[in-house]
Number of protein chains: 2
Amino acid sequence: MKSTTDQETVINGVNVSQLGQTVDAVKGDPGLAKFRFHCTNRWINGGHNRSTIQSFYGAGREHTERPQFVMDCGEPPVLLGSDEGANPVEYILNALAGCMTTTMIYHAAARGIKLESVESELQGELDLQGFLQLKDDIRKGYQLVTVKFKVKSDASAEQLEELARNSPVFDIVTNPVPVNVHVEKI
Amino acid sequence: MKSTTDQETVINGVNVSQLGQTVDAVKGDPGLAKFRFHCTNRWINGGHNRSTIQSFYGAGREHTERPQFVMDCGEPPVLLGSDEGANPVEYILNALAGCMTTTMIYHAAARGIKLESVESELQGELDLQGFLQLKDDIRKGYQLVTVKFKVKSDASAEQLEELARNSPVFDIVTNPVPVNVHVEKI
């Protein structure tokens, strides 16, 4: 899908003209590239808690004019919950799928590559002995994640994979991120 | 909140008797601890795509009797979207908040520690110059995540933080996870 007006080029649903303007703006003022995302969460009961996401800081200001996104985290009965929502490690798979897809789409658009369809299937392998502290040498998180894309496009599979690897969530999952934790008693 | 029947002890909404049975079962057959979570995703347009999460494998079988969880990933206008959903790096904050909270609750329950309330605020710092490939030395994902908990409990802040650090998503974010990517053209 590509449409052109006097001023705007849209490829894969991405406004490439605006993308170019964003790149130029950031080149002129790198401070515009600084983003800060927020999330608040409240425990409800057992393995059930709820996150609210609304504003974020980016492009030089706080964006408060946004819909509120509410997400319930739950656990299935075998993990002592009642399926109140997807569980947190499942949300990781969603974040990875969504980010790699959007990254493939955006970076393809920036290069003039059109995509017709993108589907993916993800699997994450986890050994509960880590979380249960039964074995010190078994990690608590995923031991392996597999991402399989099916893409309809003229570009090669190698190029599409290379584009998707620019994903911020791919970086977050495959490389260490420093996380500062602070607990205050109230 | 603690209630006791002849057979079951519940602390923080967690069935501690069932948790103990799970630990015993896994000790007897470590294969029961192997879990495999799934996610499928389909691109819709631009920065909008949709994940579906339903079944998972764990405790020796595929669990298909579950509600379907559908999540839309979107982007805000400043990132060329229309706020079709939270964006993927925001879903990471939700996953981290949810997992650290559930982990604190479950591990406290296992130790007989009661919690009255748990709230958290998370922030993730990201420099878009990485994603835009404007600077090679700026990573694409979060440079720093901050997690601030406010907890009402008799336990010490240090102990509560230690419990929360057993979180699988905390492990996934702070340590590298191998991710295999395969792109098939259709």
# chains A, B, ... in the order shown; residues from 1 in each chain; ligands from 1

$ residues_around --residues "Asn94 in chain A" --least-positions-apart "6" --cutoff "12 Å" --atoms "only C-alpha atoms" --output "JSON list (two decimals) with all heavy atoms, in the first residue's frame"
[["chain", "number", "residue", "atom", "x", "y", "z"],
["A", 86, "ALA", "N", -3.52, -12.42, 30.80],
["A", 86, "ALA", "CA", -2.30, -13.11, 30.37],
["A", 86, "ALA", "C", -1.28, -13.01, 31.51],
["A", 86, "ALA", "O", -1.34, -12.09, 32.33],
["A", 86, "ALA", "CB", -1.74, -12.47, 29.11],
["A", 87, "ASN", "N", -0.35, -13.95, 31.58],
["A", 87, "ASN", "CA", 0.62, -13.83, 32.67],
["A", 87, "ASN", "C", 1.82, -13.01, 32.20],
["A", 87, "ASN", "O", 2.00, -12.76, 31.01],
["A", 87, "ASN", "CB", 0.92, -15.21, 33.29],
["A", 87, "ASN", "CG", 2.11, -15.91, 32.68],
["A", 87, "ASN", "OD1", 2.58, -15.54, 31.62],
["A", 87, "ASN", "ND2", 2.58, -16.92, 33.36],
["A", 88, "PRO", "N", 2.61, -12.52, 33.13],
["A", 88, "PRO", "CA", 3.66, -11.56, 32.76],
["A", 88, "PRO", "C", 4.64, -12.06, 31.69],
["A", 88, "PRO", "O", 5.02, -11.29, 30.81],
["A", 88, "PRO", "CB", 4.35, -11.27, 34.10],
["A", 88, "PRO", "CG", 3.24, -11.40, 35.11],
["A", 88, "PRO", "CD", 2.44, -12.58, 34.61],
["A", 100, "MET", "N", 9.04, -6.33, 17.11],
["A", 100, "MET", "CA", 9.78, -6.79, 15.93],
["A", 100, "MET", "C", 8.96, -6.56, 14.66],
["A", 100, "MET", "O", 9.51, -6.24, 13.60],
["A", 100, "MET", "CB", 10.18, -8.27, 16.07],
["A", 100, "MET", "CG", 11.22, -8.49, 17.16],
["A", 100, "MET", "SD", 11.85, -10.19, 17.24],
["A", 100, "MET", "CE", 13.04, -10.16, 15.87],
["A", 101, "THR", "N", 7.63, -6.70, 14.77],
["A", 101, "THR", "CA", 6.76, -6.47, 13.61],
["A", 101, "THR", "C", 6.77, -4.99, 13.22],
["A", 101, "THR", "O", 7.00, -4.64, 12.06],
["A", 101, "THR", "CB", 5.32, -6.94, 13.93],
["A", 101, "THR", "OG1", 5.37, -8.35, 14.19],
["A", 101, "THR", "CG2", 4.37, -6.65, 12.78],
["A", 120, "SER", "N", 3.41, -13.75, 12.87],
["A", 120, "SER", "CA", 4.48, -14.38, 13.65],
["A", 120, "SER", "C", 3.92, -15.31, 14.72],
["A", 120, "SER", "O", 2.79, -15.14, 15.19],
["A", 120, "SER", "CB", 5.38, -13.32, 14.29],
["A", 120, "SER", "OG", 4.64, -12.45, 15.11],
["A", 121, "GLU", "N", 4.74, -16.30, 15.05],
["A", 121, "GLU", "CA", 4.44, -17.23, 16.14],
["A", 121, "GLU", "C", 5.64, -17.26, 17.06],
["A", 121, "GLU", "O", 6.77, -17.47, 16.61],
["A", 121, "GLU", "CB", 4.23, -18.65, 15.61],
["A", 121, "GLU", "CG", 2.85, -18.92, 15.07],
["A", 121, "GLU", "CD", 2.66, -20.41, 14.78],
["A", 121, "GLU", "OE1", 3.26, -21.24, 15.50],
["A", 121, "GLU", "OE2", 1.93, -20.70, 13.83],
["A", 122, "LEU", "N", 5.40, -17.07, 18.34],
["A", 122, "LEU", "CA", 6.51, -17.03, 19.30],
["A", 122, "LEU", "C", 6.32, -18.10, 20.36],
["A", 122, "LEU", "O", 5.18, -18.43, 20.73],
["A", 122, "LEU", "CB", 6.59, -15.66, 20.00],
["A", 122, "LEU", "CG", 7.10, -14.52, 19.12],
["A", 122, "LEU", "CD1", 5.99, -13.97, 18.24],
["A", 122, "LEU", "CD2", 7.70, -13.42, 19.96],
["A", 123, "GLN", "N", 7.44, -18.62, 20.82],
["A", 123, "GLN", "CA", 7.41, -19.58, 21.93],
["A", 123, "GLN", "C", 8.50, -19.20, 22.91],
["A", 123, "GLN", "O", 9.60, -18.81, 22.51],
["A", 123, "GLN", "CB", 7.69, -21.00, 21.42],
["A", 123, "GLN", "CG", 6.58, -21.54, 20.55],
["A", 123, "GLN", "CD", 6.63, -23.04, 20.41],
["A", 123, "GLN", "OE1", 7.66, -23.65, 20.68],
["A", 123, "GLN", "NE2", 5.53, -23.63, 20.03],
["A", 124, "GLY", "N", 8.19, -19.31, 24.18],
["A", 124, "GLY", "CA", 9.18, -19.06, 25.22],
["A", 124, "GLY", "C", 9.26, -20.25, 26.15],
["A", 124, "GLY", "O", 8.24, -20.72, 26.65],
["A", 145, "VAL", "N", 13.80, -18.16, 23.51],
["A", 145, "VAL", "CA", 12.60, -17.67, 22.82],
["A", 145, "VAL", "C", 12.79, -17.91, 21.32],
["A", 145, "VAL", "O", 13.88, -17.67, 20.78],
["A", 145, "VAL", "CB", 12.34, -16.17, 23.10],
["A", 145, "VAL", "CG1", 11.20, -15.64, 22.24],
["A", 145, "VAL", "CG2", 12.05, -15.94, 24.58],
["A", 147, "VAL", "N", 11.15, -17.04, 17.51],
["A", 147, "VAL", "CA", 10.25, -16.15, 16.78],
["A", 147, "VAL", "C", 10.23, -16.60, 15.33],
["A", 147, "VAL", "O", 11.27, -16.63, 14.67],
["A", 147, "VAL", "CB", 10.74, -14.68, 16.85],
["A", 147, "VAL", "CG1", 9.75, -13.76, 16.14],
["A", 147, "VAL", "CG2", 10.99, -14.24, 18.28],
["A", 169, "VAL", "N", 12.60, -3.89, 21.72],
["A", 169, "VAL", "CA", 12.31, -4.99, 22.64],
["A", 169, "VAL", "C", 13.23, -6.18, 22.38],
["A", 169, "VAL", "O", 13.64, -6.87, 23.32],
["A", 169, "VAL", "CB", 10.82, -5.41, 22.58],
["A", 169, "VAL", "CG1", 10.57, -6.68, 23.39],
["A", 169, "VAL", "CG2", 9.93, -4.28, 23.10],
["A", 170, "PHE", "N", 13.62, -6.40, 21.13],
["A", 170, "PHE", "CA", 14.61, -7.45, 20.84],
["A", 170, "PHE", "C", 15.90, -7.14, 21.59],
["A", 170, "PHE", "O", 16.52, -8.04, 22.18],
["A", 170, "PHE", "CB", 14.86, -7.52, 19.33],
["A", 170, "PHE", "CG", 15.83, -8.60, 18.92],
["A", 170, "PHE", "CD1", 15.43, -9.93, 18.85],
["A", 170, "PHE", "CD2", 17.14, -8.29, 18.60],
["A", 170, "PHE", "CE1", 16.32, -10.93, 18.49],
["A", 170, "PHE", "CE2", 18.04, -9.28, 18.23],
["A", 170, "PHE", "CZ", 17.64, -10.60, 18.17],
["B", 37, "PHE", "N", 5.36, -21.11, 26.68],
["B", 37, "PHE", "CA", 4.29, -20.14, 26.43],
["B", 37, "PHE", "C", 4.28, -19.77, 24.95],
["B", 37, "PHE", "O", 5.32, -19.79, 24.28],
["B", 37, "PHE", "CB", 4.47, -18.91, 27.32],
["B", 37, "PHE", "CG", 4.32, -19.23, 28.78],
["B", 37, "PHE", "CD1", 5.44, -19.48, 29.58],
["B", 37, "PHE", "CD2", 3.06, -19.31, 29.35],
["B", 37, "PHE", "CE1", 5.30, -19.79, 30.93],
["B", 37, "PHE", "CE2", 2.91, -19.63, 30.70],
["B", 37, "PHE", "CZ", 4.03, -19.87, 31.49],
["B", 38, "HIS", "N", 3.09, -19.44, 24.44],
["B", 38, "HIS", "CA", 2.92, -19.16, 23.01],
["B", 38, "HIS", "C", 2.28, -17.80, 22.80],
["B", 38, "HIS", "O", 1.48, -17.34, 23.62],
["B", 38, "HIS", "CB", 1.97, -20.18, 22.35],
["B", 38, "HIS", "CG", 2.21, -21.60, 22.70],
["B", 38, "HIS", "ND1", 3.37, -22.25, 22.39],
["B", 38, "HIS", "CD2", 1.41, -22.52, 23.32],
["B", 38, "HIS", "CE1", 3.30, -23.50, 22.81],
["B", 38, "HIS", "NE2", 2.12, -23.69, 23.38],
["B", 39, "CYS", "N", 2.56, -17.22, 21.66],
["B", 39, "CYS", "CA", 1.91, -15.97, 21.24],
["B", 39, "CYS", "C", 1.88, -15.95, 19.72],
["B", 39, "CYS", "O", 2.87, -16.30, 19.07],
["B", 39, "CYS", "CB", 2.71, -14.79, 21.79],
["B", 39, "CYS", "SG", 2.18, -13.16, 21.22],
["B", 40, "THR", "N", 0.75, -15.59, 19.14],
["B", 40, "THR", "CA", 0.72, -15.34, 17.70],
["B", 40, "THR", "C", 0.39, -13.87, 17.49],
["B", 40, "THR", "O", -0.31, -13.25, 18.29],
["B", 40, "THR", "CB", -0.35, -16.20, 16.97],
["B", 40, "THR", "OG1", -1.63, -15.88, 17.51],
["B", 40, "THR", "CG2", -0.08, -17.68, 17.16],
["B", 41, "ASN", "N", 0.94, -13.30, 16.42],
["B", 41, "ASN", "CA", 0.76, -11.88, 16.16],
["B", 41, "ASN", "C", 0.51, -11.67, 14.67],
["B", 41, "ASN", "O", 1.07, -12.38, 13.83],
["B", 41, "ASN", "CB", 2.02, -11.11, 16.61],
["B", 41, "ASN", "CG", 1.88, -9.60, 16.41],
["B", 41, "ASN", "OD1", 2.00, -9.09, 15.31],
["B", 41, "ASN", "ND2", 1.61, -8.89, 17.50],
["B", 42, "ARG", "N", -0.34, -10.69, 14.38],
["B", 42, "ARG", "CA", -0.65, -10.36, 12.98],
["B", 42, "ARG", "C", -0.56, -8.85, 12.80],
["B", 42, "ARG", "O", -1.16, -8.09, 13.56],
["B", 42, "ARG", "CB", -2.05, -10.86, 12.65],
["B", 42, "ARG", "CG", -2.51, -10.59, 11.23],
["B", 42, "ARG", "CD", -3.98, -10.95, 11.08],
["B", 42, "ARG", "NE", -4.21, -12.37, 11.25],
["B", 42, "ARG", "CZ", -4.27, -13.24, 10.21],
["B", 42, "ARG", "NH1", -4.15, -12.79, 8.98],
["B", 42, "ARG", "NH2", -4.48, -14.50, 10.43],
["B", 49, "ASN", "N", -0.47, -3.74, 15.39],
["B", 49, "ASN", "CA", -0.55, -5.19, 15.22],
["B", 49, "ASN", "C", -1.22, -5.80, 16.45],
["B", 49, "ASN", "O", -1.40, -5.13, 17.47],
["B", 49, "ASN", "CB", 0.84, -5.79, 14.94],
["B", 49, "ASN", "CG", 1.83, -5.49, 16.03],
["B", 49, "ASN", "OD1", 1.74, -6.02, 17.14],
["B", 49, "ASN", "ND2", 2.80, -4.61, 15.74],
["B", 50, "ARG", "N", -1.62, -7.05, 16.33],
["B", 50, "ARG", "CA", -2.45, -7.66, 17.38],
["B", 50, "ARG", "C", -1.92, -9.05, 17.75],
["B", 50, "ARG", "O", -1.70, -9.88, 16.86],
["B", 50, "ARG", "CB", -3.89, -7.77, 16.87],
["B", 50, "ARG", "CG", -4.89, -8.30, 17.90],
["B", 50, "ARG", "CD", -6.30, -8.15, 17.37],
["B", 50, "ARG", "NE", -6.66, -6.73, 17.26],
["B", 50, "ARG", "CZ", -7.55, -6.24, 16.41],
["B", 50, "ARG", "NH1", -8.19, -7.04, 15.58],
["B", 50, "ARG", "NH2", -7.80, -4.94, 16.39],
["B", 51, "SER", "N", -1.74, -9.26, 19.03],
["B", 51, "SER", "CA", -1.29, -10.56, 19.53],
["B", 51, "SER", "C", -2.47, -11.33, 20.11],
["B", 51, "SER", "O", -3.38, -10.75, 20.70],
["B", 51, "SER", "CB", -0.24, -10.40, 20.64],
["B", 51, "SER", "OG", 0.97, -9.91, 20.13],
["B", 52, "THR", "N", -2.42, -12.64, 19.96],
["B", 52, "THR", "CA", -3.39, -13.53, 20.59],
["B", 52, "THR", "C", -2.62, -14.55, 21.42],
["B", 52, "THR", "O", -1.66, -15.16, 20.93],
["B", 52, "THR", "CB", -4.25, -14.25, 19.53],
["B", 52, "THR", "OG1", -4.86, -13.26, 18.71],
["B", 52, "THR", "CG2", -5.31, -15.10, 20.18],
["B", 53, "ILE", "N", -3.05, -14.69, 22.65],
["B", 53, "ILE", "CA", -2.41, -15.64, 23.56],
["B", 53, "ILE", "C", -3.50, -16.54, 24.11],
["B", 53, "ILE", "O", -4.53, -16.06, 24.58],
["B", 53, "ILE", "CB", -1.67, -14.89, 24.69],
["B", 53, "ILE", "CG1", -0.39, -14.27, 24.11],
["B", 53, "ILE", "CG2", -1.34, -15.83, 25.86],
["B", 53, "ILE", "CD1", 0.37, -13.41, 25.05],
["B", 54, "GLN", "N", -3.28, -17.84, 24.01],
["B", 54, "GLN", "CA", -4.31, -18.73, 24.55],
["B", 54, "GLN", "C", -3.68, -19.91, 25.28],
["B", 54, "GLN", "O", -3.53, -19.86, 26.48],
["B", 54, "GLN", "CB", -5.27, -19.18, 23.43],
["B", 54, "GLN", "CG", -6.64, -19.56, 23.97],
["B", 54, "GLN", "CD", -6.88, -21.05, 23.91],
["B", 54, "GLN", "OE1", -6.33, -21.73, 23.06],
["B", 54, "GLN", "NE2", -7.68, -21.55, 24.83],
["B", 69, "PHE", "N", -6.57, -14.29, 25.20],
["B", 69, "PHE", "CA", -6.19, -12.92, 25.54],
["B", 69, "PHE", "C", -5.71, -12.22, 24.28],
["B", 69, "PHE", "O", -4.81, -12.72, 23.59],
["B", 69, "PHE", "CB", -5.09, -12.91, 26.61],
["B", 69, "PHE", "CG", -5.49, -13.60, 27.88],
["B", 69, "PHE", "CD1", -4.92, -14.81, 28.25],
["B", 69, "PHE", "CD2", -6.47, -13.06, 28.70],
["B", 69, "PHE", "CE1", -5.29, -15.45, 29.42],
["B", 69, "PHE", "CE2", -6.86, -13.69, 29.88],
["B", 69, "PHE", "CZ", -6.27, -14.89, 30.23],
["B", 70, "VAL", "N", -6.34, -11.11, 23.95],
["B", 70, "VAL", "CA", -6.00, -10.37, 22.73],
["B", 70, "VAL", "C", -5.40, -9.02, 23.13],
["B", 70, "VAL", "O", -5.95, -8.33, 23.99],
["B", 70, "VAL", "CB", -7.26, -10.16, 21.86],
["B", 70, "VAL", "CG1", -6.92, -9.35, 20.61],
["B", 70, "VAL", "CG2", -7.85, -11.51, 21.47],
["B", 71, "MET", "N", -4.28, -8.68, 22.56],
["B", 71, "MET", "CA", -3.60, -7.42, 22.89],
["B", 71, "MET", "C", -3.24, -6.67, 21.63],
["B", 71, "MET", "O", -2.63, -7.24, 20.73],
["B", 71, "MET", "CB", -2.28, -7.72, 23.62],
["B", 71, "MET", "CG", -2.47, -8.47, 24.90],
["B", 71, "MET", "SD", -1.01, -9.44, 25.24],
["B", 71, "MET", "CE", -1.73, -10.62, 26.38],
["B", 72, "ASP", "N", -3.60, -5.41, 21.59],
["B", 72, "ASP", "CA", -3.22, -4.57, 20.47],
["B", 72, "ASP", "C", -1.97, -3.77, 20.82],
["B", 72, "ASP", "O", -1.91, -3.13, 21.86],
["B", 72, "ASP", "CB", -4.35, -3.60, 20.12],
["B", 72, "ASP", "CG", -5.41, -4.26, 19.27],
["B", 72, "ASP", "OD1", -5.76, -5.42, 19.56],
["B", 72, "ASP", "OD2", -5.88, -3.63, 18.31],
["B", 73, "CYS", "N", -0.99, -3.83, 19.94],
["B", 73, "CYS", "CA", 0.18, -2.96, 20.05],
["B", 73, "CYS", "C", -0.04, -1.79, 19.08],
["B", 73, "CYS", "O", -0.42, -2.00, 17.93],
["B", 73, "CYS", "CB", 1.46, -3.69, 19.66],
["B", 73, "CYS", "SG", 1.98, -4.95, 20.83],
["B", 74, "GLY", "N", 0.21, -0.59, 19.56],
["B", 74, "GLY", "CA", 0.10, 0.60, 18.71],
["B", 74, "GLY", "C", 1.26, 1.53, 18.96],
["B", 74, "GLY", "O", 2.21, 1.19, 19.66],
["B", 86, "ALA", "N", -1.22, 0.26, 23.69],
["B", 86, "ALA", "CA", 0.08, 0.61, 24.29],
["B", 86, "ALA", "C", 1.17, 0.21, 23.31],
["B", 86, "ALA", "O", 0.98, -0.68, 22.47],
["B", 86, "ALA", "CB", 0.25, -0.13, 25.62],
["B", 87, "ASN", "N", 2.32, 0.86, 23.40],
["B", 87, "ASN", "CA", 3.36, 0.46, 22.47],
["B", 87, "ASN", "C", 4.21, -0.66, 23.08],
["B", 87, "ASN", "O", 4.14, -0.94, 24.28],
["B", 87, "ASN", "CB", 4.13, 1.67, 21.93],
["B", 87, "ASN", "CG", 5.36, 2.02, 22.71],
["B", 87, "ASN", "OD1", 5.56, 1.55, 23.82],
["B", 87, "ASN", "ND2", 6.18, 2.86, 22.12],
["B", 88, "PRO", "N", 4.98, -1.37, 22.26],
["B", 88, "PRO", "CA", 5.65, -2.58, 22.76],
["B", 88, "PRO", "C", 6.56, -2.34, 23.97],
["B", 88, "PRO", "O", 6.60, -3.17, 24.88],
["B", 88, "PRO", "CB", 6.42, -3.07, 21.54],
["B", 88, "PRO", "CG", 5.55, -2.65, 20.37],
["B", 88, "PRO", "CD", 5.05, -1.29, 20.78],
["B", 89, "VAL", "N", 7.30, -1.24, 24.01],
["B", 89, "VAL", "CA", 8.17, -1.04, 25.17],
["B", 89, "VAL", "C", 7.36, -0.70, 26.43],
["B", 89, "VAL", "O", 7.82, -0.94, 27.55],
["B", 89, "VAL", "CB", 9.28, 0.02, 24.93],
["B", 89, "VAL", "CG1", 10.27, -0.48, 23.88],
["B", 89, "VAL", "CG2", 8.72, 1.38, 24.56],
["B", 90, "GLU", "N", 6.15, -0.18, 26.25],
["B", 90, "GLU", "CA", 5.26, 0.01, 27.41],
["B", 90, "GLU", "C", 4.78, -1.35, 27.93],
["B", 90, "GLU", "O", 4.64, -1.56, 29.14],
["B", 90, "GLU", "CB", 4.08, 0.90, 27.05],
["B", 90, "GLU", "CG", 4.50, 2.36, 26.79],
["B", 90, "GLU", "CD", 3.36, 3.26, 26.36],
["B", 90, "GLU", "OE1", 2.52, 2.82, 25.54],
["B", 90, "GLU", "OE2", 3.32, 4.41, 26.80],
["B", 91, "TYR", "N", 4.53, -2.29, 27.02],
["B", 91, "TYR", "CA", 4.14, -3.65, 27.45],
["B", 91, "TYR", "C", 5.26, -4.31, 28.27],
["B", 91, "TYR", "O", 4.99, -5.13, 29.14],
["B", 91, "TYR", "CB", 3.80, -4.52, 26.24],
["B", 91, "TYR", "CG", 2.36, -4.40, 25.77],
["B", 91, "TYR", "CD1", 2.03, -3.80, 24.56],
["B", 91, "TYR", "CD2", 1.31, -4.90, 26.55],
["B", 91, "TYR", "CE1", 0.71, -3.70, 24.13],
["B", 91, "TYR", "CE2", -0.01, -4.80, 26.14],
["B", 91, "TYR", "CZ", -0.30, -4.20, 24.92],
["B", 91, "TYR", "OH", -1.61, -4.10, 24.51],
["B", 92, "ILE", "N", 6.51, -3.94, 27.97],
["B", 92, "ILE", "CA", 7.62, -4.46, 28.78],
["B", 92, "ILE", "C", 7.49, -3.98, 30.22],
["B", 92, "ILE", "O", 7.69, -4.75, 31.18],
["B", 92, "ILE", "CB", 8.97, -4.02, 28.18],
["B", 92, "ILE", "CG1", 9.28, -4.78, 26.88],
["B", 92, "ILE", "CG2", 10.12, -4.20, 29.19],
["B", 92, "ILE", "CD1", 9.66, -6.22, 27.06],
["B", 94, "ASN", "N", 4.74, -3.12, 31.78],
["B", 94, "ASN", "CA", 3.63, -3.87, 32.37],
["B", 94, "ASN", "C", 4.07, -5.27, 32.78],
["B", 94, "ASN", "O", 3.76, -5.73, 33.88],
["B", 94, "ASN", "CB", 2.47, -3.96, 31.37],
["B", 94, "ASN", "CG", 1.46, -5.04, 31.76],
["B", 94, "ASN", "OD1", 0.92, -5.02, 32.86],
["B", 94, "ASN", "ND2", 1.23, -6.00, 30.87],
["B", 95, "ALA", "N", 4.81, -5.95, 31.91],
["B", 95, "ALA", "CA", 5.27, -7.32, 32.21],
["B", 95, "ALA", "C", 6.17, -7.31, 33.45],
["B", 95, "ALA", "O", 6.06, -8.19, 34.32],
["B", 95, "ALA", "CB", 6.01, -7.91, 31.01]]

$ select_by_dssp --residues "range 48-176 of chain A" --states "alpha helix (DSSP H)" --output "VMD selection string"
chain A and resid 88 to 110 128 to 131 157 to 164 168 to 174

$ closest_residue --among "B:His63, B:Arg165, B:His107, B:Lys148" --to "chain A" --atoms "only C-alpha atoms"
B:Lys148

$ closest_residue --among "A:Gln21, A:Glu62, A:Arg36, A:Tyr57" --to "chain B" --atoms "only C-alpha atoms"
A:Arg36

$ atom_distance --atom1 "CA of Thr102 in chain B" --atom2 "CA of Arg66 in chain B"
19.7 Å

$ atom_distance --atom1 "CA of Met104 in chain A" --atom2 "CA of Asn180 in chain B"
15.9 Å

$ atom_distance --atom1 "CA of Gly46 in chain A" --atom2 "CA of Glu75 in chain A"
8.9 Å

$ closest_residue --among "B:Pro76, B:Pro30, B:Gly47, B:Gly85" --to "Asp127 in chain A" --atoms "only C-alpha atoms"
B:Pro30

$ closest_residue --among "A:Pro77, A:Ile44, A:Glu125, A:Leu163" --to "chain B" --atoms "only C-alpha atoms"
A:Glu125

$ select_by_dssp --residues "chain B" --states "strand (DSSP E or B)" --output "PyMOL selection string"
chain B and resi 2-4+9-11+14-15+34-45+48-53+56-58+61-63+69-73+115-127+144-153+179-185

$ closest_residue --among "B:Pro168, B:Gly81, B:Gly31, B:Gly58" --to "Gln18 in chain A" --atoms "only C-alpha atoms"
B:Gly81

$ closest_residue --among "A:Ile113, A:Gly130, A:Asp24, A:Trp43" --to "Ala97 in chain B" --atoms "only C-alpha atoms"
A:Trp43
